[in-house]
Amino acid sequence: MIDSQSDVTQPATAHLVQGHFDGTSVSFRIYLPPKNAWHNRFFQFTYPLDGQEPVDSVAFATTHGGYSVQTSGIAGYRHAAAAAKFARTVAANFYGVNGAGIFGYLYGWSGGAFQVDGALEYTSGVWQGAVPIVQGSPLSVIHNFSVRALATFVLKDKKDQLEAAERPGGSGNPYAGLSPMESSVLKEATRMGIPLKAWEDFDYLATTVAFDGFVALVPQIDPTYVADFWSKPGYLGTEQSALGDFFRQAVAQDPSLRARLALMAYHRYTIPASGFDAAYGQFRNADGTPLYPQRATNVARIISSSITGGATFSGAIDVKVIAVNSTVDADAYPWEGAWYADQIRSALGSRADAQFRVWYTENADHNPENRTGAGADRLVGYVPIVYRALDDLSSWVERGTVPAKSSSYRIAQDNQLVLSDSINRGGVQPLVDLTIQGAGHRCDARTGETVDFNARIQVPPGTGSIVSVEWDPKGDGNFQPVTIPSGRTTLVVHTSYRFTAAGTYYPTIRVGSQRDGDSTQTLTTVQNLDRTNVVVK
């Protein structure tokens with residue numbers, strides 16, 4: 001049912017068609033750009049909750065030859081497919097074309113990536129390409145948050161030393177000074193997939209919004225779990241160990257924590273029957289049997305199945321896909337995107353390279369937008385890479401223009417994903433190496449002393465050129481632009497700063513590259529950064 005039609009100028013100049021599907025709670029919005037700006041394509045964002053689409057999603061679509069399709073947020077993929085099909089009819093009438101000739105591209109992050117996975121598995125002909133973003137695994141919906149809650153609860157008194165270890169110039173050894181119990185919990189969380197670099201922001205790891213929901217939900221579906229945790233052999237609540245004692249002392253001091261503490265170990269009791277050994281092998285005996293009792297009902301799988309619309313994560317895609325993941329993601333772990341890439345390669349075999357890419361965003365976490373203020377000195381957003389992926393995907397599908405190759409990475413010790421540091425590592429993100437002249441990445445300086453810095457910037461071959469360089473000498477998120485020559489794919493920047501007050505500083509350089517070398521195309525300007533450590537006395 002079409003509810004209204006109007007010509008709008010915000011968020012972009014377009015003809016807006018709004019409506020709903022009769023008898024459902026699903027509404028839709030279709031933003032149709034003027035005919036002279038349309039190139040027979042559309043871009044569609046999906047997410048299981050309302051209001052999560054990228055701020056510039058309509059602007060991107062309408063300035064890159066596509067109309068934009070958005071729906072209200074519910075689980076599954078069927079509503080998105082229905083909206084895509086109806087939008088083709090609307091567009092065909094509006095532009096006076098055959099709807100069968102319209103190319104469609106679906107994208108979504110986090111829970112939206114789950115919906116993309118379901119759509120890829122169970123639809124045909126609706127979309128010609130897709131970009132799943134910051135993907136999880138079938139168990140991540142609860143497990144990634146339960147192990148985070150466990151680790152931050154046990155390690156809360158070690159916040160400062162954990163953060164210091166992972167900062168530039170830090171020891172790089174977060175285990176230093178931890179007790180055996182604390183070390184074992186950190187090891188468990190690390191092997192599950194929390195990036196060690198994420199510990200620099202302990203407070204983010206300790207956020208519990210998602211975990212709070214599971215504390216309320218799991219007992220509704222598995223009503224004996226909490227009681228079993230505190231009474232039956234094999235569970236942490238009865239375990240004779242330092243960690244078991246720690247939990248029992250905590251609940252004795254505050255009985256209201258009973259369900260919350262029980263859910264912190266939920267991942268131990270709902271492990272997959274097989275596979276995922278890098279993460280879950282720590283919970284299995286040598287013969288593969290579980291170390292701990294396993295629940296008959298696995299709520300994590302129930303939730304992921306609901307969000308995806310029943311996807312099996314088979315990897316058997318029949319359209320072109322560019323997946324975008326992050327290296328510092330503590331919500332959807334880096335190894336999970338690599339696992340899904342392996343699923344696709346296993347399913348497609350020799351055809352995989354003709355249909356699939358996975359690009360990792362260095363120095364990015366689960367949050368999509370570029371930062372301003374706090375966090376801007378250490379993290380970049382991945383939205384520009386998403387838009388770059390959609391741009392390149394449409395060229396790949398419609399004109400056969402092969403995109404940049406997949407990122408080169410390895411899964412290192414304790415299930416940590418490590419990107420190659422080679423300029424030929426794939427993806428589209430520029431590489432940045434900031435050093436203190438004559439002192440590597442850290443130095444001590446006197447108050448009033450001028451410190452010299454060198455930054456080497458490289459853009460992967462064939463992916464564009466450098467369009468911006470910004471300098472933040474104090475590492476407080478206040479960046480100032482640096483004048484650079486245009487059209488460069490490699491650049492060395494020399495700069496200096498006089499530190500007038502004692503303190504610890506994290507000087508940062510942030511750079512941007514763009515496919516066509518066009519600095520005005522901010523939506524598709526891909527960023528990266530690097531940091532150093534200066535201690536002024």
# chains A, B, ... in the order shown; residues from 1 in each chain; ligands from 1
call {"tool": "residues_around", "arguments": {"residues": "Ala100 in chain A", "least_positions_apart": "6", "cutoff": "12 Å", "atoms": "only C-alpha atoms", "output": "list of chain:residue names"}}
result
A:Asn40, A:Arg41, A:Ala84, A:Lys85, A:Phe86, A:Ala87, A:Arg88, A:Thr89, A:Ala91, A:Ala92, A:Gly125, A:Val126, A:Trp127, A:Gln128
call {"tool": "residues_around", "arguments": {"residues": "range 132-142 of chain A", "least_positions_apart": "4", "cutoff": "7 Å", "atoms": "only C-alpha atoms", "output": "list of chain:residue names"}}
result
A:Tyr107, A:Gly108, A:Trp109, A:Ser110, A:Ala113, A:Val116, A:Ser146, A:Phe214, A:Ala300, A:Arg301, A:Ser304, A:Ala323, A:Val324, A:Asn325, A:Ser326, A:Ala332, A:Tyr333, A:Glu336, A:Gly337, A:His366
call {"tool": "write_last_selection", "arguments": {"atoms": "C-alpha atoms", "output": "compact mmCIF listing (two decimals), in the first residue's frame"}}
result
# COMPACT_ATOMS: atom_id res chain seq x y z
CA TYR A 107 23.91 -4.21 2.62
CA GLY A 108 23.67 -4.29 6.39
CA TRP A 109 25.90 -4.27 9.44
CA SER A 110 25.93 -6.41 12.58
CA ALA A 113 24.76 -8.67 8.15
CA VAL A 116 22.09 -10.29 4.39
CA SER A 146 28.77 -13.16 27.88
CA PHE A 214 20.15 -11.66 27.40
CA ALA A 300 22.24 -18.07 20.96
CA ARG A 301 21.39 -20.23 17.95
CA SER A 304 20.67 -15.90 15.26
CA ALA A 323 32.27 -8.36 2.99
CA VAL A 324 33.59 -5.56 5.22
CA ASN A 325 34.93 -6.35 8.71
CA SER A 326 36.98 -4.57 11.39
CA ALA A 332 31.54 -9.19 16.03
CA TYR A 333 35.01 -10.64 16.40
CA GLU A 336 34.11 -14.50 12.59
CA GLY A 337 34.30 -12.59 9.32
CA HIS A 366 31.92 -2.19 15.53
call {"tool": "residues_around", "arguments": {"residues": "Gln343 in chain A", "least_positions_apart": "3", "cutoff": "12 Å", "atoms": "only C-alpha atoms", "output": "ChimeraX atom specification"}}
result
/A:117,137,275-276,312-317,336-340,346-349,352,356
call {"tool": "select_by_dssp", "arguments": {"residues": "range 321-401 of chain A", "states": "strand (DSSP E)", "output": "PDB file with N, CA and C atoms, in the first residue's frame"}}
result
ATOM      1  N   VAL A 321      29.717 -10.610  -3.842  1.00  0.00           N
ATOM      2  CA  VAL A 321      29.685 -10.138  -2.455  1.00  0.00           C
ATOM      3  C   VAL A 321      31.036  -9.533  -2.091  1.00  0.00           C
ATOM      4  N   ILE A 322      31.000  -8.368  -1.426  1.00  0.00           N
ATOM      5  CA  ILE A 322      32.187  -7.795  -0.786  1.00  0.00           C
ATOM      6  C   ILE A 322      31.857  -7.639   0.690  1.00  0.00           C
ATOM      7  N   ALA A 323      32.484  -8.438   1.547  1.00  0.00           N
ATOM      8  CA  ALA A 323      32.268  -8.355   2.986  1.00  0.00           C
ATOM      9  C   ALA A 323      33.242  -7.345   3.583  1.00  0.00           C
ATOM     10  N   VAL A 324      32.764  -6.579   4.558  1.00  0.00           N
ATOM     11  CA  VAL A 324      33.585  -5.560   5.222  1.00  0.00           C
ATOM     12  C   VAL A 324      33.603  -5.855   6.721  1.00  0.00           C
ATOM     13  N   ASN A 325      34.789  -6.042   7.287  1.00  0.00           N
ATOM     14  CA  ASN A 325      34.935  -6.346   8.707  1.00  0.00           C
ATOM     15  C   ASN A 325      36.004  -5.461   9.335  1.00  0.00           C
ATOM     16  N   SER A 326      36.085  -5.472  10.666  1.00  0.00           N
ATOM     17  CA  SER A 326      36.979  -4.573  11.393  1.00  0.00           C
ATOM     18  C   SER A 326      37.964  -5.348  12.255  1.00  0.00           C
ATOM     19  N   PHE A 356      33.638 -13.217  -4.738  1.00  0.00           N
ATOM     20  CA  PHE A 356      33.711 -12.823  -3.330  1.00  0.00           C
ATOM     21  C   PHE A 356      34.993 -12.080  -2.999  1.00  0.00           C
ATOM     22  N   ARG A 357      34.842 -11.068  -2.118  1.00  0.00           N
ATOM     23  CA  ARG A 357      35.958 -10.367  -1.503  1.00  0.00           C
ATOM     24  C   ARG A 357      35.642 -10.159  -0.016  1.00  0.00           C
ATOM     25  N   VAL A 358      36.685 -10.119   0.813  1.00  0.00           N
ATOM     26  CA  VAL A 358      36.536  -9.681   2.200  1.00  0.00           C
ATOM     27  C   VAL A 358      37.600  -8.621   2.457  1.00  0.00           C
ATOM     28  N   TRP A 359      37.154  -7.431   2.886  1.00  0.00           N
ATOM     29  CA  TRP A 359      38.050  -6.322   3.170  1.00  0.00           C
ATOM     30  C   TRP A 359      37.999  -6.027   4.666  1.00  0.00           C
ATOM     31  N   TYR A 360      39.156  -5.984   5.291  1.00  0.00           N
ATOM     32  CA  TYR A 360      39.231  -5.622   6.703  1.00  0.00           C
ATOM     33  C   TYR A 360      39.624  -4.156   6.855  1.00  0.00           C
ATOM     34  N   THR A 361      38.972  -3.485   7.815  1.00  0.00           N
ATOM     35  CA  THR A 361      39.278  -2.103   8.130  1.00  0.00           C
ATOM     36  C   THR A 361      40.156  -2.076   9.371  1.00  0.00           C
TER      37      THR A 361
END
call {"tool": "residues_around", "arguments": {"residues": "Asn528 in chain A", "least_positions_apart": "4", "cutoff": "7 Å", "atoms": "only C-alpha atoms", "output": "list in words"}}
result
Glu362, Asn363, Val380, Gln429, Pro430, Leu431, Val432, Arg510, Val511 and Gly512 of chain A
call {"tool": "residues_around", "arguments": {"residues": "range 52-69 of chain A", "least_positions_apart": "3", "cutoff": "6 Å", "atoms": "only C-alpha atoms", "output": "JSON, numbers by chain"}}
result
{"A": [12, 29, 30, 31, 32, 33, 37, 38, 39, 41, 42, 43, 44]}
call {"tool": "write_last_selection", "arguments": {"atoms": "N, CA and C atoms", "output": "tab-separated table (two decimals), in the first residue's frame"}}
result
chain	number	residue	atom	x	y	z
A	12	ALA	N	18.15	14.11	0.52
A	12	ALA	CA	18.68	14.30	-0.83
A	12	ALA	C	17.52	14.69	-1.72
A	29	ARG	N	10.32	2.98	2.59
A	29	ARG	CA	10.59	4.29	2.00
A	29	ARG	C	11.46	4.07	0.77
A	30	ILE	N	11.05	4.68	-0.33
A	30	ILE	CA	11.81	4.58	-1.58
A	30	ILE	C	12.14	6.00	-2.03
A	31	TYR	N	13.43	6.30	-2.10
A	31	TYR	CA	13.90	7.62	-2.54
A	31	TYR	C	14.39	7.49	-3.97
A	32	LEU	N	13.66	8.11	-4.91
A	32	LEU	CA	13.98	8.01	-6.33
A	32	LEU	C	14.62	9.30	-6.81
A	33	PRO	N	15.89	9.28	-7.22
A	33	PRO	CA	16.54	10.50	-7.70
A	33	PRO	C	15.99	10.89	-9.07
A	37	ALA	N	19.89	11.41	-13.08
A	37	ALA	CA	20.90	11.00	-12.10
A	37	ALA	C	20.82	9.51	-11.78
A	38	TRP	N	19.91	8.81	-12.45
A	38	TRP	CA	19.67	7.39	-12.13
A	38	TRP	C	20.31	6.50	-13.19
A	39	HIS	N	20.99	5.43	-12.73
A	39	HIS	CA	21.69	4.53	-13.65
A	39	HIS	C	21.25	3.08	-13.46
A	41	ARG	N	19.94	1.24	-11.03
A	41	ARG	CA	20.34	0.45	-9.87
A	41	ARG	C	19.67	0.98	-8.61
A	42	PHE	N	19.71	0.15	-7.56
A	42	PHE	CA	19.27	0.62	-6.25
A	42	PHE	C	20.15	0.03	-5.17
A	43	PHE	N	20.18	0.73	-4.04
A	43	PHE	CA	20.93	0.30	-2.86
A	43	PHE	C	19.96	0.18	-1.69
A	44	GLN	N	20.05	-0.92	-0.97
A	44	GLN	CA	19.08	-1.19	0.10
A	44	GLN	C	19.79	-1.58	1.38
call {"tool": "atom_distance", "arguments": {"atom1": "CA of Gly475 in chain A", "atom2": "CA of Tyr506 in chain A"}}
result
4.5 Å
call {"tool": "closest_residue", "arguments": {"among": "A:Gly19, A:Gly381, A:Gly373, A:Pro195", "to": "Val90 in chain A", "atoms": "only C-alpha atoms"}}
result
A:Gly19
call {"tool": "residues_around", "arguments": {"residues": "Ser465 in chain A", "least_positions_apart": "2", "cutoff": "9 Å", "atoms": "only C-alpha atoms", "output": "list of chain:residue names"}}
result
A:Pro430, A:Gln458, A:Val459, A:Pro460, A:Gly462, A:Thr463, A:Val467, A:Ser486, A:Gly487, A:Arg488, A:Thr489, A:Thr490, A:Gly512, A:Ser513, A:Gln514, A:Arg515, A:Asp516, A:Gly517, A:Asp518
call {"tool": "residues_around", "arguments": {"residues": "range 181-187 of chain A", "least_positions_apart": "4", "cutoff": "7 Å", "atoms": "only C-alpha atoms", "output": "ChimeraX atom specification"}}
result
/A:151,154-155,175,191,242-243
call {"tool": "write_last_selection", "arguments": {"atoms": "N, CA, C and O atoms", "output": "compact mmCIF listing (two decimals), in the first residue's frame"}}
result
# COMPACT_ATOMS: atom_id res chain seq x y z
N ALA A 151 34.87 -11.29 31.49
CA ALA A 151 36.23 -10.76 31.55
C ALA A 151 36.28 -9.40 32.25
O ALA A 151 37.15 -9.15 33.09
N VAL A 154 35.67 -9.74 36.11
CA VAL A 154 36.81 -10.27 36.85
C VAL A 154 37.99 -9.30 36.84
O VAL A 154 38.72 -9.18 37.82
N LEU A 155 38.16 -8.58 35.74
CA LEU A 155 39.35 -7.76 35.55
C LEU A 155 39.12 -6.27 35.82
O LEU A 155 39.98 -5.45 35.51
N TYR A 175 48.96 -9.42 30.21
CA TYR A 175 48.95 -10.42 31.29
C TYR A 175 49.87 -10.04 32.45
O TYR A 175 49.76 -10.61 33.54
N ARG A 191 40.93 -15.96 23.40
CA ARG A 191 40.72 -17.08 22.49
C ARG A 191 39.32 -17.08 21.90
O ARG A 191 39.12 -17.50 20.76
N ALA A 242 39.46 -20.94 42.04
CA ALA A 242 39.53 -19.54 42.45
C ALA A 242 38.42 -18.73 41.80
O ALA A 242 37.82 -17.85 42.43
N LEU A 243 38.11 -19.05 40.52
CA LEU A 243 37.05 -18.32 39.83
C LEU A 243 35.69 -18.67 40.41
O LEU A 243 34.83 -17.79 40.59
call {"tool": "atom_distance", "arguments": {"atom1": "CA of Pro219 in chain A", "atom2": "CA of Lys232 in chain A"}}
result
16.3 Å
call {"tool": "select_by_dssp", "arguments": {"residues": "range 72-207 of chain A", "states": "helix (DSSP H, G or I)", "output": "JSON, numbers by chain"}}
result
{"A": [78, 79, 80, 81, 82, 83, 84, 85, 86, 87, 88, 89, 90, 91, 92, 93, 94, 95, 99, 100, 101, 111, 112, 113, 114, 115, 116, 117, 118, 119, 120, 121, 122, 140, 141, 142, 143, 144, 145, 146, 147, 148, 149, 150, 151, 152, 153, 154, 156, 157, 158, 159, 160, 161, 162, 163, 164, 165, 166, 180, 181, 182, 183, 184, 185, 186, 187, 188, 189, 190, 191, 192, 196, 197, 198, 199, 200, 201, 202, 203, 204, 205]}
call {"tool": "closest_residue", "arguments": {"among": "A:Asp452, A:Asp201, A:Asp444, A:Glu470", "to": "Gly169 in chain A", "atoms": "only C-alpha atoms"}}
result
A:Asp444
call {"tool": "atom_distance", "arguments": {"atom1": "CA of Pro368 in chain A", "atom2": "CA of Tyr387 in chain A"}}
result
11.4 Å
